[in-house]
>>> print(open('upload-v2.cif').read())   # mmCIF, C-alpha atoms
data_query
#
loop_
_atom_site.group_PDB
_atom_site.id
_atom_site.type_symbol
_atom_site.label_atom_id
_atom_site.label_comp_id
_atom_site.auth_asym_id
_atom_site.auth_seq_id
_atom_site.Cartn_x
_atom_site.Cartn_y
_atom_site.Cartn_z
ATOM 1 C CA MET A 1 47.349 -15.882 15.100
ATOM 2 C CA PRO A 2 45.221 -12.924 13.993
ATOM 3 C CA LEU A 3 42.355 -11.934 16.280
ATOM 4 C CA HIS A 4 40.402 -9.659 13.930
ATOM 5 C CA LYS A 5 38.747 -10.355 10.615
ATOM 6 C CA SER A 6 40.804 -7.696 8.876
ATOM 7 C CA ALA A 7 44.023 -9.166 10.288
ATOM 8 C CA GLU A 8 43.039 -12.599 8.949
ATOM 9 C CA LYS A 9 42.474 -11.079 5.517
ATOM 10 C CA ARG A 10 45.838 -9.277 5.644
ATOM 11 C CA LEU A 11 47.504 -12.583 6.527
ATOM 12 C CA ARG A 12 45.870 -14.314 3.536
ATOM 13 C CA GLN A 13 46.883 -11.471 1.228
ATOM 14 C CA SER A 14 50.409 -11.472 2.600
ATOM 15 C CA GLU A 15 50.793 -15.210 2.013
ATOM 16 C CA ARG A 16 49.548 -14.926 -1.570
ATOM 17 C CA ARG A 17 51.829 -11.990 -2.330
ATOM 18 C CA ASN A 18 54.776 -13.711 -0.696
ATOM 19 C CA ALA A 19 54.242 -16.801 -2.866
ATOM 20 C CA ARG A 20 53.965 -14.625 -5.979
ATOM 21 C CA ASN A 21 57.170 -12.759 -5.137
ATOM 22 C CA ARG A 22 59.061 -15.984 -4.467
ATOM 23 C CA SER A 23 57.959 -17.525 -7.750
ATOM 24 C CA ARG A 24 58.995 -14.460 -9.754
ATOM 25 C CA LYS A 25 62.396 -14.314 -8.088
ATOM 26 C CA LYS A 26 62.811 -18.061 -8.661
ATOM 27 C CA GLU A 27 62.051 -17.597 -12.380
ATOM 28 C CA LEU A 28 64.755 -14.959 -12.536
ATOM 29 C CA LYS A 29 67.309 -17.186 -10.804
ATOM 30 C CA VAL A 30 66.508 -20.019 -13.207
ATOM 31 C CA LEU A 31 66.983 -17.745 -16.240
ATOM 32 C CA VAL A 32 70.329 -16.423 -14.959
ATOM 33 C CA LYS A 33 71.592 -19.892 -14.062
ATOM 34 C CA THR A 34 70.500 -21.227 -17.448
ATOM 35 C CA MET A 35 72.541 -18.558 -19.198
ATOM 36 C CA GLN A 36 75.578 -19.270 -17.040
ATOM 37 C CA LYS A 37 75.229 -23.002 -17.639
ATOM 38 C CA LEU A 38 75.041 -22.436 -21.405
ATOM 39 C CA ILE A 39 78.229 -20.388 -21.249
ATOM 40 C CA ASP A 40 79.970 -23.036 -19.139
ATOM 41 C CA THR A 41 79.051 -25.771 -21.607
ATOM 42 C CA SER A 42 80.227 -23.656 -24.564
ATOM 43 C CA ALA A 43 76.810 -23.594 -26.197
ATOM 44 C CA ASP A 44 76.080 -21.908 -29.521
ATOM 45 C CA LYS A 45 76.365 -18.118 -29.445
ATOM 46 C CA VAL A 46 72.802 -17.634 -30.696
ATOM 47 C CA VAL A 47 71.358 -19.813 -27.928
ATOM 48 C CA VAL A 48 73.298 -17.888 -25.281
ATOM 49 C CA GLU A 49 72.076 -14.571 -26.697
ATOM 50 C CA VAL A 50 68.460 -15.756 -26.568
ATOM 51 C CA ALA A 51 68.935 -16.764 -22.920
ATOM 52 C CA TYR A 52 70.566 -13.393 -22.244
ATOM 53 C CA ARG A 53 67.664 -11.491 -23.782
ATOM 54 C CA SER A 54 65.058 -13.372 -21.765
ATOM 55 C CA ALA A 55 67.025 -12.864 -18.523
ATOM 56 C CA VAL A 56 67.444 -9.132 -19.160
ATOM 57 C CA GLN A 57 63.787 -8.801 -20.071
ATOM 58 C CA LYS A 58 62.776 -10.467 -16.795
ATOM 59 C CA LEU A 59 65.227 -8.285 -14.838
ATOM 60 C CA ASP A 60 63.760 -5.132 -16.370
ATOM 61 C CA ARG A 61 60.225 -6.208 -15.608
ATOM 62 C CA LEU A 62 60.977 -7.146 -11.993
ATOM 63 C CA GLY A 63 62.947 -3.948 -11.437
ATOM 64 C CA VAL A 64 60.199 -1.708 -12.765
ATOM 65 C CA LYS A 65 57.513 -3.467 -10.723
ATOM 66 C CA ASN A 66 59.645 -3.330 -7.540
ATOM 67 C CA TYR A 67 59.937 -7.081 -7.042
ATOM 68 C CA ILE A 68 63.655 -6.401 -6.823
ATOM 69 C CA HIS A 69 65.396 -3.083 -6.374
ATOM 70 C CA ALA A 70 66.031 -1.189 -9.613
ATOM 71 C CA ASN A 71 69.750 -0.919 -8.829
ATOM 72 C CA LYS A 72 69.988 -4.665 -8.288
ATOM 73 C CA ALA A 73 68.318 -5.255 -11.650
ATOM 74 C CA SER A 74 70.772 -2.871 -13.286
ATOM 75 C CA ARG A 75 73.750 -4.514 -11.582
ATOM 76 C CA LYS A 76 72.634 -8.005 -12.654
ATOM 77 C CA LYS A 77 72.104 -6.823 -16.236
ATOM 78 C CA SER A 78 75.599 -5.387 -16.239
ATOM 79 C CA GLN A 79 77.071 -8.640 -14.917
ATOM 80 C CA LEU A 80 75.207 -10.704 -17.517
ATOM 81 C CA THR A 81 76.281 -8.345 -20.299
ATOM 82 C CA ARG A 82 79.895 -8.658 -19.200
ATOM 83 C CA LEU A 83 79.570 -12.457 -19.180
ATOM 84 C CA LEU A 84 78.064 -12.455 -22.667
ATOM 85 C CA ASN A 85 80.670 -10.085 -24.096
ATOM 86 C CA ASN A 86 83.550 -12.129 -22.677
ATOM 87 C CA TYR A 87 81.983 -15.306 -24.059
ATOM 88 C CA VAL A 88 81.554 -13.808 -27.532
ATOM 89 C CA LYS A 89 85.057 -12.354 -27.481
ATOM 90 C CA ALA A 90 86.544 -15.709 -26.437
ATOM 91 C CA GLY A 91 84.641 -17.422 -29.259
ATOM 92 C CA GLN A 92 86.083 -15.086 -31.878
ATOM 93 C CA GLU A 93 89.686 -15.727 -30.874
#
>>> encode(input="upload-v2.cif", output="structure tokens")
Amino acid sequence: MPLHKSAEKRLRQSERRNARNRSRKKELKVLVKTMQKLIDTSADKVVVEVAYRSAVQKLDRLGVKNYIHANKASRKKSQLTRLLNNYVKAGQE
């Protein structure tokens, strides 16, 4: 329980920022899971690529704005790219 006015304001700001961070990370998780689900259900290649692009775009944005660490964003992009490439390669065979 904050005792000073400034501490109360910091608490309000912290709660708002925390909610914003959680929602952005949740959006990212939803995008990644959507792509993985599309791959698991053997969806059309074009649909999977669209999901991939939106996930990578979100990863880039969150990495640049420090919502997640830049290395984590890079690692996730690499994992998604590997998933996509294996899916496309399996579809060609």
>>> axis_aligned_box(input="upload-v2.cif", around="range 6-16 of chain A", padding_each_side="5 Å", output="AutoDock Vina command-line options")
--center_x 45.8 --center_y -11.5 --center_z 4.4 --size_x 20.0 --size_y 17.5 --size_z 21.9
>>> atom_distance(input="upload-v2.cif", atom1="CA of Val46 in chain A", atom2="CA of Lys58 in chain A")
18.6 Å
>>> atom_distance(input="upload-v2.cif", atom1="CA of Ser42 in chain A", atom2="CA of Arg24 in chain A")
27.5 Å
>>> atom_distance(input="upload-v2.cif", atom1="CA of Val48 in chain A", atom2="CA of Met35 in chain A")
6.2 Å
>>> resolve_selection(input="upload-v2.cif", expression="the PyMOL selection byres ((chain A and resi 88) around 12)", output="PyMOL selection string")
chain A and resi 39+42-49+81-87+89-93
>>> residues_around(input="upload-v2.cif", residues="Arg75 in chain A", least_positions_apart="6", cutoff="12 Å", atoms="all atoms listed in the file", output="short mmCIF file (atom, residue, chain, number, x, y, z; two decimals) with C-alpha atoms, in the coordinates of the input")
data_model
loop_
_atom_site.label_atom_id
_atom_site.label_comp_id
_atom_site.auth_asym_id
_atom_site.auth_seq_id
_atom_site.Cartn_x
_atom_site.Cartn_y
_atom_site.Cartn_z
CA VAL A 56 67.44 -9.13 -19.16
CA LEU A 59 65.23 -8.28 -14.84
CA ASP A 60 63.76 -5.13 -16.37
CA GLY A 63 62.95 -3.95 -11.44
CA ILE A 68 63.66 -6.40 -6.82
CA HIS A 69 65.40 -3.08 -6.37
CA THR A 81 76.28 -8.35 -20.30
CA ARG A 82 79.90 -8.66 -19.20
#
>>> closest_residue(input="upload-v2.cif", among="A:Lys72, A:Val64, A:Gln79, A:Lys5", to="Gln36 in chain A", atoms="only C-alpha atoms")
A:Gln79
>>> residues_around(input="upload-v2.cif", residues="range 26-30 of chain A", least_positions_apart="4", cutoff="7 Å", atoms="only C-alpha atoms", output="list in words")
Arg22, Thr34, Ala55 and Lys58 of chain A
